[in-house]
Amino acid sequence: MSINLETPKKVRPLIDQAHQVAMNMLRPISRKYDAAEHEYPVELDMLAAMIDGLADSGASEGAGAAGVRRDDKPVEKGNKNGANLASVLSILEMCWGDVGLTLSMPRQGLGNSAIASVANDEQLKKFDGTWAAMAITEPSFGSDSAAIRTTAVKDGDEYILNGEKIFVTAGERADSVVVWATLDKSLGRAAIKSFVVQKGTPGMRVERLEHKLGIRASDTAVIIFDNCRVPAENILGNEEIDTKEGFAGAMATFDNTRPLVAAMALGCARASLDLTRGILADAGVEVDYDRPAFNQSAAAATFLQLEADWEAAYLLTLQAAWMADNREPNSLEASMAKAKAGRMGSDVTLRCVELAGTLGYSETDLLEKWSRDSKILDIFEGTQQIQQLIVARRVLGLSSGELK
């Protein structure tokens with residue numbers, strides 16, 4: 001099978017709709033909710049209702065966080081452009097508008113991606129329509145998800161969760177939280193499972209909300225689990241501990257969500273490039289795509305290099321999403337896309353601030369905000385360093401124990 005790099009025709013209407021939403025609904029309130037941190041963007045309720053309507057009518061082609069699922073149906077004609085690719089392209093457009101607001105979209109949380117990725121059919125029905133955050137990181141570790149200390153102990157038809165989770169995106173606003181916990185610390189990675197804990201469950205409480213550099217429109221919570229009882233049927237996938245499978249079951253979630261985070265970085269960087277090109281043009285700097293960079297001004301040459309960097313990240317992200325749609329193993333490609341796009345996003349947005357000079361550093365435009373928003377996209381869902389480690393392990397054929 002081979003990937004066609006042209007945007008699929010069936011996805012183009014969705015992309016156009018997402019771009020219009022980003023331009024006409026997200027951009028106008030972007031600065032407002034950046035300044036009013038922790039204030040819920042009520043405008044998103046109407047937008048969420050529109051998206052639900054599109055999903056019910058089938059017009060959304062399964063895009064969004066809930067669309068990233070690998071089914072057992074035969075691949076169409078041996079080459080499928082499906083929900084993962086549609087999700088990546090639509091989220092790119094939404095984040096061209098605002099990353100923090102996109103992360104605040106009801107029923108489009110990273111926990112929804114986890115549910116879509118690993119839940120069984122019965123669980124998909126049970127949690128249909130929920131807005132799910134995802135709780136992985138703890139005070140004792142960051143990107144090393146295997147170091148999870150939150151415990152889940154079986155007690156009859158329930159599990160009792162105890163632990164603390166930090167940096168939970170949409171942790172206060174979401175209807176439920178997908179919590180990663182270990183069933184047995186002595187069994188290591190294989191015993192780590194994810195649980196859907198619904199809002200209002202006794203024993204779960206939001207301890208505080210964080211003040212942040214960027215994505216300030218999105219709430220980021222610390223959540224405590226204190227003898228929190230969760231029904232056994234809320235464990236995503238199955239309860240079996242398969243030491244041969246190891247951490248693969250839990251990590252499968254990331255193979256689908258990391259391209260989504262890469263798409264967020266692409267959207268934010270694209271916004272910066274589009275605005276900067278206009279600012280340069282107003283200043284008399286012409287960017288000529290038909291001439292070598294060394295024959296142009298320093299500003300134009302820099303801009304061309306940033307465009308090339310963006311294009312490389314874009315193609316890697318498309319590849320990772322396309323492979324997921326075609327049920328090809330994509331752990332390597334998902335990490336490559338996340339690593340490249342995350343670093344590219346920070347580099348491009350900061351360089352655009354430099355190119356725009358005083359306009360870039362002031363609040364006259366959104367360039368300084370985009371540079372703040374983009375930094376987290378190089379950190380959450382696995383830092384730059386962790387992605388490079390995963391890529392090295394895959395390329396060299398080494399296990400996590402052999403290459404740390």
# chains A, B, ... in the order shown; residues from 1 in each chain; ligands from 1

$ residues_around --residues "A:Ile235" --least-positions-apart "4" --cutoff "7 Å" --atoms "only C-alpha atoms" --output "mmCIF file with N, CA and C atoms, in the first residue's frame"
data_model
loop_
_atom_site.group_PDB
_atom_site.id
_atom_site.type_symbol
_atom_site.label_atom_id
_atom_site.label_comp_id
_atom_site.auth_asym_id
_atom_site.auth_seq_id
_atom_site.Cartn_x
_atom_site.Cartn_y
_atom_site.Cartn_z
ATOM 1 N N SER A 194 -6.099 1.224 32.332
ATOM 2 C CA SER A 194 -6.781 2.521 32.390
ATOM 3 C C SER A 194 -8.248 2.326 32.776
ATOM 4 N N PHE A 195 -8.731 3.211 33.643
ATOM 5 C CA PHE A 195 -10.084 3.144 34.179
ATOM 6 C C PHE A 195 -10.839 4.427 33.856
ATOM 7 N N VAL A 196 -12.114 4.299 33.546
ATOM 8 C CA VAL A 196 -12.952 5.474 33.352
ATOM 9 C C VAL A 196 -13.643 5.778 34.683
ATOM 10 N N GLU A 239 -9.474 -7.027 31.992
ATOM 11 C CA GLU A 239 -8.791 -7.036 33.285
ATOM 12 C C GLU A 239 -7.555 -7.927 33.300
#

$ residues_around --residues "A:Gly111" --least-positions-apart "5" --cutoff "6 Å" --atoms "only C-alpha atoms" --output "mmCIF file with N, CA, C and O atoms, in the first residue's frame"
data_model
loop_
_atom_site.group_PDB
_atom_site.id
_atom_site.type_symbol
_atom_site.label_atom_id
_atom_site.label_comp_id
_atom_site.auth_asym_id
_atom_site.auth_seq_id
_atom_site.Cartn_x
_atom_site.Cartn_y
_atom_site.Cartn_z
ATOM 1 N N ALA A 132 -14.174 13.062 28.290
ATOM 2 C CA ALA A 132 -13.187 12.374 29.119
ATOM 3 C C ALA A 132 -11.818 13.045 29.080
ATOM 4 O O ALA A 132 -11.249 13.249 28.011
ATOM 5 N N ALA A 133 -11.317 13.384 30.272
ATOM 6 C CA ALA A 133 -9.930 13.824 30.418
ATOM 7 C C ALA A 133 -9.055 12.589 30.569
ATOM 8 O O ALA A 133 -9.558 11.470 30.709
ATOM 9 N N MET A 134 -7.733 12.767 30.525
ATOM 10 C CA MET A 134 -6.830 11.628 30.698
ATOM 11 C C MET A 134 -5.805 11.951 31.770
ATOM 12 O O MET A 134 -5.122 12.980 31.704
ATOM 13 N N VAL A 178 -10.080 9.340 32.407
ATOM 14 C CA VAL A 178 -9.433 8.050 32.159
ATOM 15 C C VAL A 178 -8.155 8.029 32.993
ATOM 16 O O VAL A 178 -7.218 8.781 32.735
#

$ atom_distance --atom1 "atom CA of A:Lys185" --atom2 "atom CA of A:Tyr159"
15.1 Å

$ residues_around --residues "A:Gln319" --least-positions-apart "2" --cutoff "9 Å" --atoms "only C-alpha atoms" --output "ChimeraX atom specification"
/A:3,5,85,314-317,321-324,330,333-334,337

$ atom_distance --atom1 "atom CA of A:Val395" --atom2 "atom CA of A:Thr137"
26.4 Å

$ residues_around --residues "A:Thr383" --least-positions-apart "4" --cutoff "10 Å" --atoms "only C-alpha atoms" --output "count of residues only"
15

$ atom_distance --atom1 "atom CA of A:Arg189" --atom2 "atom CA of A:Arg107"
28.8 Å

$ select_by_dssp --residues "stretch 106-346 of chain A" --states "strand (DSSP E or B)" --output "short mmCIF file (atom, residue, chain, number, x, y, z; two decimals) with N, CA and C atoms, in the first residue's frame"
data_model
loop_
_atom_site.label_atom_id
_atom_site.label_comp_id
_atom_site.auth_asym_id
_atom_site.auth_seq_id
_atom_site.Cartn_x
_atom_site.Cartn_y
_atom_site.Cartn_z
N ALA A 132 -14.17 13.06 28.29
CA ALA A 132 -13.19 12.37 29.12
C ALA A 132 -11.82 13.04 29.08
N ALA A 133 -11.32 13.38 30.27
CA ALA A 133 -9.93 13.82 30.42
C ALA A 133 -9.06 12.59 30.57
N MET A 134 -7.73 12.77 30.53
CA MET A 134 -6.83 11.63 30.70
C MET A 134 -5.80 11.95 31.77
N ALA A 135 -5.72 11.07 32.79
CA ALA A 135 -4.84 11.28 33.94
C ALA A 135 -3.75 10.22 33.95
N GLU A 138 2.13 11.74 37.35
CA GLU A 138 2.06 11.82 38.80
C GLU A 138 3.23 12.66 39.32
N PHE A 141 6.78 11.19 38.65
CA PHE A 141 7.32 10.92 37.31
C PHE A 141 6.61 11.81 36.29
N THR A 151 -2.65 3.05 42.51
CA THR A 151 -2.99 1.63 42.58
C THR A 151 -4.48 1.41 42.36
N ALA A 152 -4.80 0.22 41.83
CA ALA A 152 -6.18 -0.22 41.65
C ALA A 152 -6.28 -1.63 42.22
N VAL A 153 -7.03 -1.76 43.32
CA VAL A 153 -7.14 -3.05 44.01
C VAL A 153 -8.55 -3.59 43.84
N LYS A 154 -8.66 -4.82 43.37
CA LYS A 154 -9.96 -5.45 43.13
C LYS A 154 -10.66 -5.74 44.46
N ASP A 155 -11.93 -5.38 44.52
CA ASP A 155 -12.76 -5.66 45.69
C ASP A 155 -14.16 -6.00 45.21
N GLU A 158 -15.77 -4.22 42.07
CA GLU A 158 -15.21 -2.87 41.97
C GLU A 158 -13.69 -2.89 42.11
N TYR A 159 -13.09 -1.79 41.68
CA TYR A 159 -11.69 -1.53 41.94
C TYR A 159 -11.59 -0.30 42.84
N ILE A 160 -10.64 -0.34 43.78
CA ILE A 160 -10.42 0.81 44.66
C ILE A 160 -9.15 1.51 44.22
N LEU A 161 -9.30 2.77 43.80
CA LEU A 161 -8.17 3.56 43.29
C LEU A 161 -7.62 4.48 44.38
N ASN A 162 -6.30 4.51 44.49
CA ASN A 162 -5.62 5.43 45.40
C ASN A 162 -4.39 6.01 44.71
N GLY A 163 -4.28 7.34 44.75
CA GLY A 163 -3.13 7.99 44.14
C GLY A 163 -3.41 9.44 43.81
N GLU A 164 -2.42 10.08 43.20
CA GLU A 164 -2.53 11.50 42.83
C GLU A 164 -2.08 11.67 41.39
N LYS A 165 -2.87 12.40 40.62
CA LYS A 165 -2.54 12.70 39.23
C LYS A 165 -2.40 14.21 39.05
N ILE A 166 -1.39 14.59 38.27
CA ILE A 166 -1.16 16.02 38.03
C ILE A 166 -1.23 16.31 36.53
N PHE A 167 -1.37 17.60 36.21
CA PHE A 167 -1.42 18.06 34.82
C PHE A 167 -2.50 17.33 34.01
N VAL A 168 -3.69 17.26 34.57
CA VAL A 168 -4.81 16.60 33.89
C VAL A 168 -5.57 17.66 33.08
N THR A 169 -5.40 17.62 31.76
CA THR A 169 -6.08 18.58 30.88
C THR A 169 -7.58 18.36 30.94
N SER A 176 -15.80 12.80 32.86
CA SER A 176 -15.12 11.62 33.39
C SER A 176 -13.62 11.75 33.14
N VAL A 177 -12.86 10.90 33.82
CA VAL A 177 -11.41 10.93 33.69
C VAL A 177 -10.91 9.50 33.43
N VAL A 178 -10.08 9.34 32.41
CA VAL A 178 -9.43 8.05 32.16
C VAL A 178 -8.16 8.03 32.99
N VAL A 179 -8.14 7.17 34.01
CA VAL A 179 -7.06 7.13 34.99
C VAL A 179 -6.19 5.91 34.77
N TRP A 180 -4.90 6.12 34.64
CA TRP A 180 -3.95 5.01 34.50
C TRP A 180 -3.49 4.59 35.90
N ALA A 181 -3.61 3.30 36.20
CA ALA A 181 -3.23 2.78 37.52
C ALA A 181 -2.67 1.38 37.36
N THR A 182 -1.96 0.92 38.38
CA THR A 182 -1.38 -0.41 38.34
C THR A 182 -2.19 -1.39 39.19
N ILE A 192 -0.35 -2.31 34.25
CA ILE A 192 -0.93 -0.97 34.16
C ILE A 192 -2.16 -0.99 33.26
N LYS A 193 -3.27 -0.50 33.80
CA LYS A 193 -4.54 -0.46 33.08
C LYS A 193 -5.13 0.94 33.19
N SER A 194 -6.10 1.22 32.33
CA SER A 194 -6.78 2.52 32.39
C SER A 194 -8.25 2.33 32.78
N PHE A 195 -8.73 3.21 33.64
CA PHE A 195 -10.08 3.14 34.18
C PHE A 195 -10.84 4.43 33.86
N VAL A 196 -12.11 4.30 33.55
CA VAL A 196 -12.95 5.47 33.35
C VAL A 196 -13.64 5.78 34.68
N VAL A 197 -13.28 6.92 35.28
CA VAL A 197 -13.88 7.34 36.55
C VAL A 197 -14.78 8.53 36.26
N GLN A 198 -16.05 8.37 36.51
CA GLN A 198 -17.01 9.41 36.17
C GLN A 198 -17.09 10.49 37.23
N MET A 204 -12.93 10.77 44.52
CA MET A 204 -12.18 11.53 43.51
C MET A 204 -12.45 13.02 43.71
N ARG A 205 -11.42 13.81 43.82
CA ARG A 205 -11.62 15.25 43.99
C ARG A 205 -10.55 16.04 43.25
N VAL A 206 -10.94 17.17 42.72
CA VAL A 206 -9.99 18.09 42.09
C VAL A 206 -9.35 18.93 43.19
N GLU A 207 -8.05 18.77 43.36
CA GLU A 207 -7.34 19.45 44.44
C GLU A 207 -7.07 20.91 44.11
N ARG A 208 -6.65 21.18 42.84
CA ARG A 208 -6.39 22.57 42.45
C ARG A 208 -6.25 22.64 40.94
N LEU A 209 -6.29 23.86 40.42
CA LEU A 209 -6.04 24.12 39.00
C LEU A 209 -4.71 24.86 38.88
N THR A 220 -6.17 22.85 33.75
CA THR A 220 -5.21 21.79 34.01
C THR A 220 -5.24 21.49 35.50
N ALA A 221 -5.65 20.28 35.86
CA ALA A 221 -5.99 19.99 37.25
C ALA A 221 -5.05 18.99 37.92
N VAL A 222 -5.01 19.08 39.26
CA VAL A 222 -4.45 18.04 40.11
C VAL A 222 -5.63 17.30 40.71
N ILE A 223 -5.63 15.97 40.55
CA ILE A 223 -6.76 15.17 41.02
C ILE A 223 -6.28 14.11 42.00
N ILE A 224 -6.98 14.01 43.14
CA ILE A 224 -6.67 13.03 44.18
C ILE A 224 -7.69 11.90 44.13
N PHE A 225 -7.19 10.67 44.25
CA PHE A 225 -8.05 9.49 44.36
C PHE A 225 -7.79 8.86 45.73
N ASP A 226 -8.82 8.90 46.56
CA ASP A 226 -8.70 8.43 47.93
C ASP A 226 -9.77 7.36 48.18
N ASN A 227 -9.35 6.09 48.08
CA ASN A 227 -10.30 4.98 48.20
C ASN A 227 -11.50 5.18 47.27
N CYS A 228 -11.19 5.51 46.05
CA CYS A 228 -12.23 5.79 45.03
C CYS A 228 -12.67 4.47 44.39
N ARG A 229 -13.94 4.15 44.54
CA ARG A 229 -14.46 2.87 44.04
C ARG A 229 -15.01 3.04 42.62
N VAL A 230 -14.51 2.17 41.74
CA VAL A 230 -14.89 2.23 40.33
C VAL A 230 -15.41 0.86 39.90
N PRO A 231 -16.53 0.81 39.20
CA PRO A 231 -17.04 -0.49 38.73
C PRO A 231 -16.01 -1.22 37.87
N ILE A 235 -12.95 -0.68 33.55
CA ILE A 235 -11.56 -0.86 33.13
C ILE A 235 -11.55 -1.03 31.62
#

$ closest_residue --among "A:Ala119, A:Val348, A:Val88, A:Ile136" --to "A:Asp325" --atoms "only C-alpha atoms"
A:Val88

$ residues_around --residues "A:Ala35" --least-positions-apart "2" --cutoff "12 Å" --atoms "only C-alpha atoms" --output "list in words"
Ile29, Ser30, Arg31, Lys32, Tyr33, Glu37, His38, Glu39, Tyr40, Pro41, Gly100, His211, Lys212, Leu213, Gly214, Ile215, Arg216, Ala217, Ser218, Glu363 and Lys369 of chain A

$ residues_around --residues "A:Ala265" --least-positions-apart "6" --cutoff "8 Å" --atoms "only C-alpha atoms" --output "count of residues only"
8

$ closest_atom_pairs --of "stretch 224-331 of chain A" --to "stretch 126-131 of chain A" --cutoff "12 Å" --atoms "only C-alpha atoms" --output "CSV"
residue,atom,partner,partner_atom,distance
A:Glu233,CA,A:Lys126,CA,9.9
A:Asn234,CA,A:Lys126,CA,9.3
A:Ile235,CA,A:Phe127,CA,11.9
A:Leu236,CA,A:Phe127,CA,10.7

$ closest_residue --among "A:Arg173, A:His19, A:Lys80, A:Arg394" --to "A:Gln108" --atoms "only C-alpha atoms"
A:Arg173

$ closest_residue --among "A:Glu6, A:Asp255, A:Asp52, A:Asp309" --to "A:Arg351" --atoms "only C-alpha atoms"
A:Asp309
